[in-house]
$ cat my_file-v7.txt   # compact mmCIF, C-alpha atoms
# COMPACT_ATOMS: atom_id res chain seq x y z
CA MET A 124 0.00 0.00 0.00
CA MET A 125 1.43 3.35 -1.05
CA HIS A 126 1.73 6.10 1.55
CA ARG A 127 0.69 9.58 0.60
CA LYS A 128 3.59 12.02 0.56
CA PRO A 129 3.36 14.75 3.22
CA GLY A 130 2.60 18.22 1.95
CA TRP A 131 5.97 19.63 3.06
CA VAL A 132 7.76 17.61 0.39
CA HIS A 133 5.80 19.25 -2.40
CA GLY A 134 6.50 22.58 -0.71
CA LEU A 135 10.24 21.90 -0.73
CA ARG A 136 10.12 21.02 -4.41
CA ARG A 137 8.45 24.23 -5.36
CA THR A 138 11.54 26.25 -5.73
CA ARG A 139 9.47 25.41 -7.85
CA GLN A 140 7.01 28.20 -6.97
CA LEU A 141 9.96 30.35 -5.98
CA MET A 142 8.67 32.62 -3.30
CA VAL A 143 10.60 35.85 -3.00
CA THR A 144 10.37 35.53 0.77
CA SER A 145 12.17 32.87 2.77
CA LEU A 146 11.13 29.29 2.17
CA PRO A 147 8.54 27.92 4.62
CA MET A 148 9.82 25.63 7.32
CA PRO A 149 8.77 22.08 6.52
CA GLU A 150 6.55 20.03 8.80
CA LEU A 151 8.36 16.73 8.99
CA PRO A 152 6.69 13.37 9.64
CA ALA A 153 7.20 11.74 13.02
CA ARG A 154 8.95 8.45 12.22
CA CYS A 155 11.78 7.73 9.83
CA TYR A 156 13.95 4.80 8.71
CA LEU A 157 17.69 5.34 8.18
CA ILE A 158 19.83 3.70 5.51
CA ALA A 159 23.46 4.04 4.40
CA HIS A 160 25.43 2.52 1.56
CA GLN A 161 28.44 0.37 2.48
CA GLY A 162 30.98 -0.35 -0.23
CA PRO A 163 33.75 -2.96 -0.21
CA GLN A 164 36.25 -0.49 1.27
CA ASP A 165 33.95 0.83 4.00
CA HIS A 166 34.36 -0.49 7.54
CA ASP A 167 31.32 -1.52 9.57
CA HIS A 168 32.31 0.81 12.42
CA ASP A 169 32.55 3.88 10.18
CA ILE A 170 29.14 3.32 8.64
CA GLU A 171 27.59 2.76 12.08
CA VAL A 172 29.10 6.03 13.29
CA HIS A 173 27.63 7.85 10.30
CA LEU A 174 24.21 6.31 10.95
CA THR A 175 24.39 7.28 14.63
CA GLU A 176 25.11 10.87 13.63
CA LEU A 177 22.25 10.73 11.13
CA GLU A 178 19.98 9.64 13.99
CA GLU A 179 21.06 12.69 15.99
CA LEU A 180 20.36 14.91 13.00
CA ALA A 181 16.94 13.34 12.67
CA ARG A 182 16.13 14.02 16.33
CA ALA A 183 17.36 17.59 15.89
CA CYS A 184 14.64 17.88 13.24
CA ASP A 185 11.98 16.44 15.59
CA LEU A 186 11.99 13.05 13.89
CA GLU A 187 11.82 9.70 15.63
CA PRO A 188 14.18 7.08 14.12
CA ALA A 189 12.26 3.80 13.78
CA GLY A 190 15.21 1.73 12.54
CA ARG A 191 18.46 1.77 10.59
CA GLU A 192 20.27 -0.45 8.14
CA ARG A 193 23.56 -0.72 6.25
CA LEU A 194 23.04 -1.65 2.61
CA LYS A 195 26.11 -3.48 1.33
CA ARG A 196 26.65 -3.16 -2.39
CA ALA A 197 29.84 -3.15 -4.45
CA THR A 198 28.59 -0.58 -6.98
CA ILE A 199 26.21 2.38 -7.04
CA ASP A 200 22.97 2.01 -8.98
CA SER A 201 22.65 5.11 -11.17
CA ARG A 202 18.84 5.06 -10.92
CA THR A 203 18.22 4.48 -7.22
CA PHE A 204 21.76 4.55 -5.72
CA TYR A 205 20.95 1.37 -3.75
CA GLY A 206 20.00 -2.06 -5.12
CA LYS A 207 16.43 -2.75 -6.23
CA GLY A 208 16.03 -5.78 -3.93
CA GLN A 209 17.57 -3.87 -1.01
CA ILE A 210 15.12 -1.02 -1.46
CA GLU A 211 12.12 -3.35 -1.55
CA ALA A 212 13.25 -5.08 1.65
CA VAL A 213 13.91 -1.74 3.39
CA ALA A 214 10.48 -0.43 2.39
CA ALA A 215 8.79 -3.50 3.88
CA LYS A 216 10.68 -3.17 7.18
CA ALA A 217 10.08 0.57 7.42
CA ARG A 218 6.38 0.14 6.69
CA ASN A 219 6.05 -2.48 9.44
CA LEU A 220 7.70 -0.07 11.89
CA GLY A 221 5.29 2.72 11.01
CA ALA A 222 7.86 4.94 9.31
CA THR A 223 6.76 7.46 6.70
CA LEU A 224 10.15 8.90 5.74
CA LEU A 225 13.30 7.30 4.37
CA LEU A 226 16.51 9.08 5.43
CA CYS A 227 19.58 8.35 3.32
CA ASP A 228 23.06 9.07 4.69
CA ASN A 229 24.39 9.44 1.15
CA GLU A 230 23.94 12.49 -1.06
CA LEU A 231 21.49 11.63 -3.83
CA SER A 232 20.62 13.28 -7.11
CA GLY A 233 17.13 14.55 -7.77
CA SER A 234 16.33 11.66 -10.10
CA GLN A 235 17.57 9.11 -7.55
CA VAL A 236 15.31 10.61 -4.86
CA ARG A 237 12.31 10.50 -7.19
CA ASN A 238 13.05 6.93 -8.24
CA LEU A 239 13.38 5.86 -4.60
CA GLU A 240 10.07 7.50 -3.74
CA LYS A 241 8.40 5.83 -6.68
CA ALA A 242 9.84 2.41 -5.80
CA THR A 243 9.09 2.54 -2.07
CA GLY A 244 6.08 4.81 -1.71
CA PHE A 245 7.98 6.72 0.98
CA THR A 246 9.15 10.29 1.15
CA CYS A 247 12.95 10.24 0.75
CA LEU A 248 15.45 12.76 2.05
CA ASP A 249 19.23 12.62 1.82
CA ARG A 250 21.70 13.89 4.44
CA THR A 251 22.13 17.28 2.78
CA GLY A 252 18.38 17.83 2.55
CA LEU A 253 18.00 16.94 6.23
CA ILE A 254 20.71 19.39 7.32
CA LEU A 255 19.10 22.11 5.21
CA ALA A 256 15.73 21.38 6.86
CA ILE A 257 17.34 21.76 10.31
CA PHE A 258 18.95 25.05 9.31
CA GLU A 259 15.65 26.35 7.93
CA ARG A 260 13.96 25.64 11.27
CA ARG A 261 16.72 27.27 13.34
CA ALA A 262 17.64 30.40 11.36
CA GLN A 263 16.59 33.51 13.27
CA THR A 264 18.37 36.59 11.94
CA ARG A 265 17.93 38.13 8.50
CA GLU A 266 21.43 37.08 7.49
CA ALA A 267 21.03 33.46 8.59
CA ARG A 268 17.65 33.16 6.84
CA ALA A 269 19.10 34.56 3.63
CA GLN A 270 22.06 32.18 3.83
CA VAL A 271 19.84 29.15 4.34
CA GLU A 272 17.48 30.21 1.57
CA LEU A 273 20.44 30.61 -0.78
CA ALA A 274 21.72 27.15 0.17
CA ARG A 275 18.26 25.67 -0.42
CA TYR A 276 17.92 27.18 -3.90
CA GLU A 277 21.42 26.09 -4.91
CA TYR A 278 20.63 22.60 -3.65
CA GLU A 279 17.31 22.47 -5.51
CA LEU A 280 18.46 24.01 -8.80
CA PRO A 281 20.07 20.86 -10.29
CA ARG A 282 17.14 18.81 -8.95
CA LEU A 283 14.41 20.69 -10.80
CA LYS A 284 14.38 18.29 -13.73
CA GLY A 285 11.29 16.13 -13.48
CA ALA A 286 10.05 17.88 -10.36
CA TRP A 287 6.93 19.02 -12.18
CA THR A 288 4.39 16.78 -13.82
CA HIS A 289 3.01 19.63 -15.94
CA LEU A 290 5.89 20.39 -18.30
CA GLU A 291 3.76 21.65 -21.17
CA ARG A 292 5.15 24.65 -22.94
CA GLN A 293 3.64 28.04 -22.30
CA VAL A 294 1.84 29.36 -25.35
CA GLY A 295 -0.14 32.47 -26.03
CA GLY A 296 -3.75 32.87 -27.06
CA VAL A 297 -5.36 33.30 -30.47
CA GLY A 298 -3.20 35.10 -33.00
CA VAL A 299 0.13 34.45 -31.23
CA ARG A 300 2.93 34.08 -33.75
CA GLY A 301 6.00 31.89 -33.43
CA GLY A 302 6.67 28.49 -31.95
CA ALA A 303 6.15 27.05 -28.51
CA GLY A 304 7.20 29.05 -25.50
CA GLU A 305 9.21 28.06 -22.41
CA THR A 306 8.57 24.86 -20.56
CA GLN A 307 7.63 25.23 -16.91
CA ILE A 308 11.02 23.87 -15.86
CA GLU A 309 12.80 26.52 -17.92
CA VAL A 310 10.75 29.20 -16.19
CA ASP A 311 11.61 27.67 -12.81
CA ARG A 312 15.32 27.57 -13.56
CA ARG A 313 15.34 31.18 -14.74
CA MET A 314 13.46 32.35 -11.64
CA THR A 315 15.67 30.24 -9.38
CA ARG A 316 18.85 31.79 -10.81
CA LEU A 317 17.29 35.24 -10.45
CA ARG A 318 16.50 34.60 -6.78
CA ILE A 319 20.02 33.23 -6.18
CA SER A 320 21.47 36.45 -7.63
CA GLN A 321 19.21 38.54 -5.39
CA LEU A 322 20.23 36.61 -2.29
CA LYS A 323 23.93 36.88 -3.11
CA ARG A 324 23.61 40.65 -3.46
CA GLU A 325 21.73 40.86 -0.17
CA LEU A 326 24.40 38.80 1.60
CA GLU A 327 27.18 40.94 0.13
CA HIS A 328 25.43 44.00 1.55
CA LEU A 329 25.05 42.37 4.97
CA GLN A 330 28.71 41.36 4.87
CA ARG A 331 29.75 44.97 4.19
CA VAL A 332 27.62 46.07 7.15
CA ARG A 333 29.32 43.44 9.32
CA ARG A 334 32.77 44.64 8.23
CA THR A 335 31.83 48.24 8.98
CA GLN A 336 30.63 47.26 12.44
CA GLY A 337 33.87 45.33 12.99
CA GLN A 338 35.95 48.38 12.10
CA GLY A 339 34.30 50.26 14.93
CA ARG A 340 35.61 47.83 17.53
CA SER A 341 38.55 48.84 19.64
CA PRO A 342 41.84 47.37 18.36
CA LYS A 343 42.90 46.93 21.98
CA VAL A 344 40.16 44.34 22.49
CA PRO A 345 41.16 41.05 20.80
CA ARG A 346 38.57 39.01 18.92
CA ILE A 347 38.35 35.31 19.67
CA ALA A 348 36.23 32.80 17.74
CA LEU A 349 34.93 29.55 19.18
CA VAL A 350 34.99 26.84 16.53
CA GLY A 351 34.54 23.09 16.58
CA TYR A 352 32.37 20.14 15.76
CA THR A 353 28.67 20.64 16.31
CA ASN A 354 27.46 19.98 19.86
CA ALA A 355 31.00 19.98 21.28
CA GLY A 356 30.13 22.56 23.95
CA LYS A 357 31.07 25.88 22.31
CA THR A 358 28.05 27.72 23.70
CA SER A 359 28.71 26.26 27.16
CA LEU A 360 32.27 27.60 27.00
CA LEU A 361 30.96 30.98 25.82
CA LYS A 362 28.70 31.13 28.87
CA ALA A 363 31.54 30.08 31.18
CA LEU A 364 33.83 32.82 29.79
CA THR A 365 31.29 35.63 29.41
CA GLY A 366 28.33 34.72 31.60
CA GLU A 367 26.00 34.75 28.58
CA GLY A 368 24.72 32.08 26.24
CA GLU A 369 22.02 29.40 26.14
CA PRO A 370 23.65 25.94 25.82
CA ARG A 371 21.51 23.11 24.45
CA ASN A 372 22.33 19.46 23.90
CA LEU A 373 21.42 19.63 20.24
CA LEU A 374 23.17 19.48 16.87
CA PHE A 375 23.39 22.90 15.22
CA ALA A 376 21.84 24.70 18.19
CA THR A 377 23.80 27.81 17.11
CA LEU A 378 23.41 29.18 13.58
CA ASP A 379 23.82 32.91 14.14
CA THR A 380 27.14 34.26 15.35
CA THR A 381 26.89 35.51 18.94
CA THR A 382 29.60 37.86 20.28
CA ARG A 383 30.05 38.69 23.96
CA LYS A 384 32.74 40.39 26.06
CA ALA A 385 34.86 38.19 28.32
CA TRP A 386 37.04 39.31 31.21
CA LEU A 387 40.55 37.84 30.90
CA GLY A 388 42.24 39.24 33.99
CA VAL A 389 44.59 42.09 34.86
CA ASP A 390 47.60 43.06 32.76
CA GLU A 391 50.74 42.48 34.86
CA GLU A 392 52.52 45.54 33.38
CA THR A 393 49.77 48.16 33.25
CA HIS A 394 47.57 46.64 35.97
CA GLU A 395 44.58 47.41 33.79
CA PRO A 396 41.72 44.95 33.21
CA ARG A 397 41.91 43.04 29.96
CA HIS A 398 38.94 41.88 27.92
CA ALA A 399 38.27 39.98 24.71
CA LEU A 400 35.33 39.65 22.36
CA VAL A 401 34.37 35.99 22.12
CA SER A 402 32.19 34.80 19.22
CA ASP A 403 30.21 31.58 19.17
CA THR A 404 29.87 30.25 15.59
CA VAL A 405 27.99 27.54 13.73
CA GLY A 406 29.40 24.06 14.32
CA PHE A 407 31.05 21.87 11.71
CA ILE A 408 30.04 18.35 10.74
CA ARG A 409 31.34 15.61 8.46
CA LYS A 410 29.84 15.68 4.97
CA LEU A 411 28.87 19.33 5.52
CA PRO A 412 26.95 20.30 2.36
CA HIS A 413 29.11 22.48 0.16
CA GLN A 414 26.11 24.77 -0.38
CA LEU A 415 26.15 25.57 3.34
CA VAL A 416 29.91 26.09 3.45
CA ALA A 417 29.57 28.62 0.63
CA ALA A 418 26.44 30.26 2.02
CA PHE A 419 27.83 30.67 5.53
CA ARG A 420 31.11 32.26 4.48
CA SER A 421 29.91 35.66 5.67
CA THR A 422 28.94 34.28 9.09
CA LEU A 423 32.22 32.41 9.23
CA GLY A 424 33.89 35.70 8.33
CA GLU A 425 33.89 36.28 12.09
CA VAL A 426 36.27 33.32 12.24
CA ARG A 427 38.50 34.59 9.44
CA THR A 428 38.89 38.03 11.04
CA ALA A 429 39.49 36.71 14.56
CA ASP A 430 42.84 37.24 16.26
CA ALA A 431 42.82 33.67 17.58
CA LEU A 432 40.66 30.56 17.64
CA LEU A 433 39.53 28.39 20.50
CA VAL A 434 38.95 24.96 18.95
CA VAL A 435 36.43 23.24 21.22
CA ALA A 436 36.18 19.43 21.11
CA ASP A 437 34.19 16.91 23.12
CA ALA A 438 36.82 14.95 25.04
CA SER A 439 34.30 12.23 25.87
CA SER A 440 33.43 11.48 22.25
CA PRO A 441 34.85 8.21 20.88
CA GLU A 442 35.10 10.01 17.52
CA LEU A 443 37.25 12.83 18.92
CA GLU A 444 40.13 12.41 16.45
CA ASP A 445 37.79 12.21 13.44
CA HIS A 446 35.96 15.32 14.63
CA LEU A 447 39.25 17.20 14.92
CA LYS A 448 40.17 16.22 11.35
CA VAL A 449 36.82 17.55 10.12
CA VAL A 450 37.41 20.81 11.99
CA GLY A 451 40.95 21.13 10.63
CA SER A 452 39.89 20.55 7.02
CA THR A 453 36.91 22.92 7.32
CA LEU A 454 39.11 25.68 8.75
CA LYS A 455 41.43 25.30 5.77
CA GLU A 456 38.47 25.40 3.39
CA ILE A 457 37.25 28.74 4.74
CA GLY A 458 40.75 30.23 4.81
CA CYS A 459 41.59 29.95 8.52
CA GLY A 460 44.34 27.35 8.40
CA ASP A 461 47.04 29.68 9.75
CA HIS A 462 45.18 31.29 12.65
CA PRO A 463 46.70 30.97 16.15
CA ARG A 464 44.61 28.44 18.02
CA LEU A 465 44.23 26.65 21.30
CA LEU A 466 42.62 23.23 21.49
CA VAL A 467 40.13 23.03 24.37
CA LEU A 468 39.15 19.47 25.23
CA ASN A 469 35.78 20.11 26.83
CA GLN A 470 33.67 17.81 29.03
CA VAL A 471 36.65 16.07 30.64
CA ASP A 472 34.42 15.41 33.63
CA ARG A 473 32.94 12.59 31.55
CA VAL A 474 36.22 10.73 30.95
CA THR A 475 38.27 8.49 33.23
CA ARG A 476 41.67 9.41 34.60
CA PRO A 477 43.52 6.93 32.33
CA ARG A 478 41.71 8.47 29.35
CA ARG A 479 42.76 11.94 30.47
CA LEU A 480 46.36 10.79 30.57
CA ASP A 481 46.00 9.39 27.06
CA LEU A 482 44.58 12.70 25.88
CA LYS A 483 47.48 14.56 27.48
CA ARG A 484 49.96 12.41 25.57
CA ALA A 485 48.04 12.76 22.30
CA HIS A 486 47.44 16.53 22.65
CA PRO A 487 50.10 17.96 24.97
CA GLY A 488 49.33 21.56 24.06
CA ALA A 489 45.60 21.31 24.71
CA VAL A 490 43.68 22.54 27.73
CA GLN A 491 41.52 19.93 29.40
CA ALA A 492 38.43 21.78 30.54
CA CYS A 493 34.86 21.51 31.68
CA ALA A 494 32.61 24.48 31.01
CA LEU A 495 30.12 23.37 33.68
CA THR A 496 32.62 22.99 36.55
CA ARG A 497 34.84 25.80 35.14
CA GLU A 498 37.86 23.53 35.19
CA GLY A 499 40.59 24.75 32.85
CA LEU A 500 39.11 28.23 32.33
CA GLU A 501 42.05 29.97 33.97
CA GLU A 502 44.43 28.22 31.57
CA VAL A 503 42.34 29.45 28.64
CA ARG A 504 42.42 33.03 29.97
CA GLU A 505 46.20 32.87 30.56
CA TRP A 506 46.74 31.67 26.98
CA LEU A 507 44.65 34.53 25.62
CA LEU A 508 46.46 37.09 27.79
CA GLU A 509 49.87 35.90 26.58
CA LEU A 510 48.94 35.49 22.94
CA VAL A 511 46.66 38.38 22.04
CA PRO A 512 47.60 40.85 20.85
CA GLY A 513 50.98 39.82 19.55
CA PRO A 514 52.63 37.24 17.29
CA PRO A 515 51.69 33.59 17.82
CA ARG A 516 54.13 31.43 19.71
CA PRO A 517 55.86 28.85 17.50
CA ARG A 518 54.64 25.33 17.99
CA GLU A 519 54.45 22.02 16.20
CA LEU A 520 51.19 21.31 14.37
CA GLU A 521 49.20 18.31 15.44
CA PRO A 522 48.15 15.70 12.84
CA TRP A 523 44.55 16.99 12.66
CA GLU A 524 45.84 20.47 11.69
CA ILE A 525 48.07 19.34 8.82

$ encode --input "my_file-v7.txt" --output "structure tokens"
Amino acid sequence: MMHRKPGWVHGLRRTRQLMVTSLPMPELPARCYLIAHQGPQDHDHDIEVHLTELEELARACDLEPAGRERLKRATIDSRTFYGKGQIEAVAAKARNLGATLLLCDNELSGSQVRNLEKATGFTCLDRTGLILAIFERRAQTREARAQVELARYEYELPRLKGAWTHLERQVGGVGVRGGAGETQIEVDRRMTRLRISQLKRELEHLQRVRRTQGQGRSPKVPRIALVGYTNAGKTSLLKALTGEGEPRNLLFATLDTTTRKAWLGVDEETHEPRHALVSDTVGFIRKLPHQLVAAFRSTLGEVRTADALLVVADASSPELEDHLKVVGSTLKEIGCGDHPRLLVLNQVDRVTRPRRLDLKRAHPGAVQACALTREGLEEVREWLLELVPGPPRPRELEPWEI
């Protein structure tokens, strides 16, 4: 029995109707079934980690994961990405569990999504589409909404083909001369590109405003950016350093850059109080959609113009080293590979003493901290007092930074 597709899916496809205002936030179904492709070179552990993260993303979008499965296949099917028999079996399991949405950890083309929906009767969403849906629900400021809308249109543009069932050409009335007019998809593409151009101009304007505001800041007050994997505790550290912030145990809880003043201590030479401006930024994640990396460059401009970076990582995460590699590569991608930085291993209250010793050997230059108990905060402040302003101290790069 075929399930009716929820209305939000048709709304997402109508880039499609191309509203000049921000896209409406989708109302997602309650239960979903997660799948991921596993090739011959992929390890079971890695795929399970990706599926676990996909589950967290689903919950961040108010979805309830009903089940998950690794689909082993040596090659990729160009039509449906996964094997035909695998898809039929997955659809049966998901239907028995009451799921109405199929979440795919892999990035799919528009035709692959449509073929999967046709074959299973389920609404299908890939990892990129899910992250975009989360960002659409969380964006608050004008800049963040424009960035997410731009990312959505750029994601949908190559997927417009076949999105409409009424692709008849537009023609005029009686007496119209000439051949057939534009197809509906051609109109959609033209309007999509027009809207993308409008959004880029708007973001350029907002970026100029941000730069002008930044020029008005005192050069004596250093600017520090908190960066790291999503849900690593950046907002908790911001609150510990500045007294402000609303930490939440949620992926991508922070989309808009938040800047607050932090007291660092007293200058030993001048005996004057020293402060810094600390900015909390959007978190990174593996397989971060390139549309979002491009769209959030202006927000991440706060990172590029910072005097130093505090790289916050969850010390209790078993994927700590992988998360650090993702952070290192993302910083390079946005042009922040050479910034002075201090690694802050947060949430050490959740790890055992032997594990803390292992972390000390693996990351000797890092500060082991806990934003809740305020452990390690004085070390962070001392590092900032010694480093900023001034040239960075020479040090050896760790493997995740190379």

$ atom_distance --input "my_file-v7.txt" --atom1 "CA of Leu220 (chain A)" --atom2 "CA of Asp169 (chain A)"
25.2 Å

$ atom_distance --input "my_file-v7.txt" --atom1 "CA of Leu194 (chain A)" --atom2 "CA of Glu176 (chain A)"
16.8 Å

$ atom_distance --input "my_file-v7.txt" --atom1 "CA of Val435 (chain A)" --atom2 "CA of Gly351 (chain A)"
5.0 Å

$ closest_residue --input "my_file-v7.txt" --among "A:Thr382, A:Leu364, A:Arg476, A:Cys247" --to "Glu502 (chain A)" --atoms "only C-alpha atoms"
A:Leu364

$ residues_around --input "my_file-v7.txt" --residues "region 383-396 of chain A" --least-positions-apart "4" --cutoff "10 Å" --atoms "all atoms listed in the file" --output "PyMOL selection string"
chain A and resi 344-347+361-368+400-403+500-501+503-509

$ closest_residue --input "my_file-v7.txt" --among "A:Thr203, A:Gly221, A:Arg464, A:Leu360" --to "Lys241 (chain A)" --atoms "only C-alpha atoms"
A:Thr203

$ closest_residue --input "my_file-v7.txt" --among "A:Asp481, A:Glu279, A:Asp185, A:Glu309" --to "Ala153 (chain A)" --atoms "only C-alpha atoms"
A:Asp185

$ residues_around --input "my_file-v7.txt" --residues "region 223-236 of chain A" --least-positions-apart "5" --cutoff "10 Å" --atoms "only C-alpha atoms" --output "JSON, numbers by chain"
{"A": [126, 127, 128, 129, 151, 152, 153, 154, 155, 156, 157, 158, 159, 160, 170, 173, 174, 176, 177, 178, 181, 186, 188, 189, 191, 193, 200, 201, 202, 203, 204, 205, 213, 214, 217, 218, 241, 242, 243, 244, 245, 246, 247, 248, 249, 250, 251, 252, 253, 278, 279, 280, 281, 282, 283, 284, 285, 286, 410, 412]}

$ closest_residue --input "my_file-v7.txt" --among "A:Leu480, A:Val471, A:Leu329, A:Ala269" --to "Arg497 (chain A)" --atoms "all atoms listed in the file"
A:Val471

$ closest_residue --input "my_file-v7.txt" --among "A:Cys184, A:Lys448, A:Lys343, A:Leu482" --to "His398 (chain A)" --atoms "only C-alpha atoms"
A:Lys343

$ closest_residue --input "my_file-v7.txt" --among "A:Ala274, A:Ala355, A:Val350, A:Val405" --to "Ile319 (chain A)" --atoms "only C-alpha atoms"
A:Ala274

$ residues_around --input "my_file-v7.txt" --residues "Glu444 (chain A)" --least-positions-apart "2" --cutoff "12 Å" --atoms "only C-alpha atoms" --output "PyMOL selection string"
chain A and resi 352+436-442+446-451+468+482+485-486+521-524

$ axis_aligned_box --input "my_file-v7.txt" --around "region 400-410 of chain A" --padding-each-side "8 Å" --output "lines of an AutoDock Vina configuration file"
center_x = 31.7
center_y = 27.6
center_z = 13.7
size_x = 23.3
size_y = 40.0
size_z = 33.4

$ residues_around --input "my_file-v7.txt" --residues "Glu425 (chain A)" --least-positions-apart "2" --cutoff "9 Å" --atoms "all atoms listed in the file" --output "list in words"
Arg333, Arg346, Ile347, Ala348, Thr380, Ser402, Thr404, Ser421, Thr422, Leu423, Arg427, Thr428 and Ala429 of chain A

$ build_atoms --input "my_file-v7.txt" --residues "region 218-224 of chain A" --atoms "all heavy atoms" --output "short mmCIF file (atom, residue, chain, number, x, y, z; two decimals), keeping the file's coordinate frame"
data_model
loop_
_atom_site.label_atom_id
_atom_site.label_comp_id
_atom_site.auth_asym_id
_atom_site.auth_seq_id
_atom_site.Cartn_x
_atom_site.Cartn_y
_atom_site.Cartn_z
N ARG A 218 7.84 0.08 6.64
CA ARG A 218 6.38 0.14 6.69
C ARG A 218 5.85 -0.59 7.93
O ARG A 218 4.93 -0.11 8.61
CB ARG A 218 5.80 -0.46 5.41
CG ARG A 218 4.31 -0.19 5.20
CD ARG A 218 3.88 -0.60 3.81
NE ARG A 218 4.47 0.25 2.79
CZ ARG A 218 5.38 -0.15 1.91
NH1 ARG A 218 5.82 -1.39 1.92
NH2 ARG A 218 5.86 0.69 1.01
N ASN A 219 6.46 -1.73 8.25
CA ASN A 219 6.05 -2.48 9.44
C ASN A 219 6.32 -1.71 10.73
O ASN A 219 5.63 -1.91 11.73
CB ASN A 219 6.75 -3.84 9.48
CG ASN A 219 6.26 -4.78 8.40
OD1 ASN A 219 5.13 -4.65 7.92
ND2 ASN A 219 7.10 -5.72 8.00
N LEU A 220 7.34 -0.85 10.71
CA LEU A 220 7.70 -0.07 11.89
C LEU A 220 6.95 1.26 11.96
O LEU A 220 7.19 2.06 12.87
CB LEU A 220 9.21 0.19 11.90
CG LEU A 220 10.10 -1.05 12.12
CD1 LEU A 220 11.56 -0.70 11.88
CD2 LEU A 220 9.90 -1.60 13.52
N GLY A 221 6.08 1.51 10.99
CA GLY A 221 5.29 2.72 11.01
C GLY A 221 6.00 3.96 10.54
O GLY A 221 5.57 5.09 10.81
N ALA A 222 7.11 3.78 9.82
CA ALA A 222 7.86 4.94 9.31
C ALA A 222 7.17 5.50 8.08
O ALA A 222 6.52 4.78 7.32
CB ALA A 222 9.29 4.53 8.97
N THR A 223 7.31 6.80 7.88
CA THR A 223 6.76 7.46 6.70
C THR A 223 7.81 8.22 5.91
O THR A 223 7.51 8.85 4.91
CB THR A 223 5.65 8.45 7.10
OG1 THR A 223 6.17 9.36 8.08
CG2 THR A 223 4.45 7.71 7.68
N LEU A 224 9.06 8.17 6.40
CA LEU A 224 10.15 8.90 5.74
C LEU A 224 11.38 8.03 5.68
O LEU A 224 11.71 7.34 6.65
CB LEU A 224 10.46 10.19 6.52
CG LEU A 224 11.66 11.01 6.06
CD1 LEU A 224 11.42 11.60 4.67
CD2 LEU A 224 11.98 12.12 7.04
#
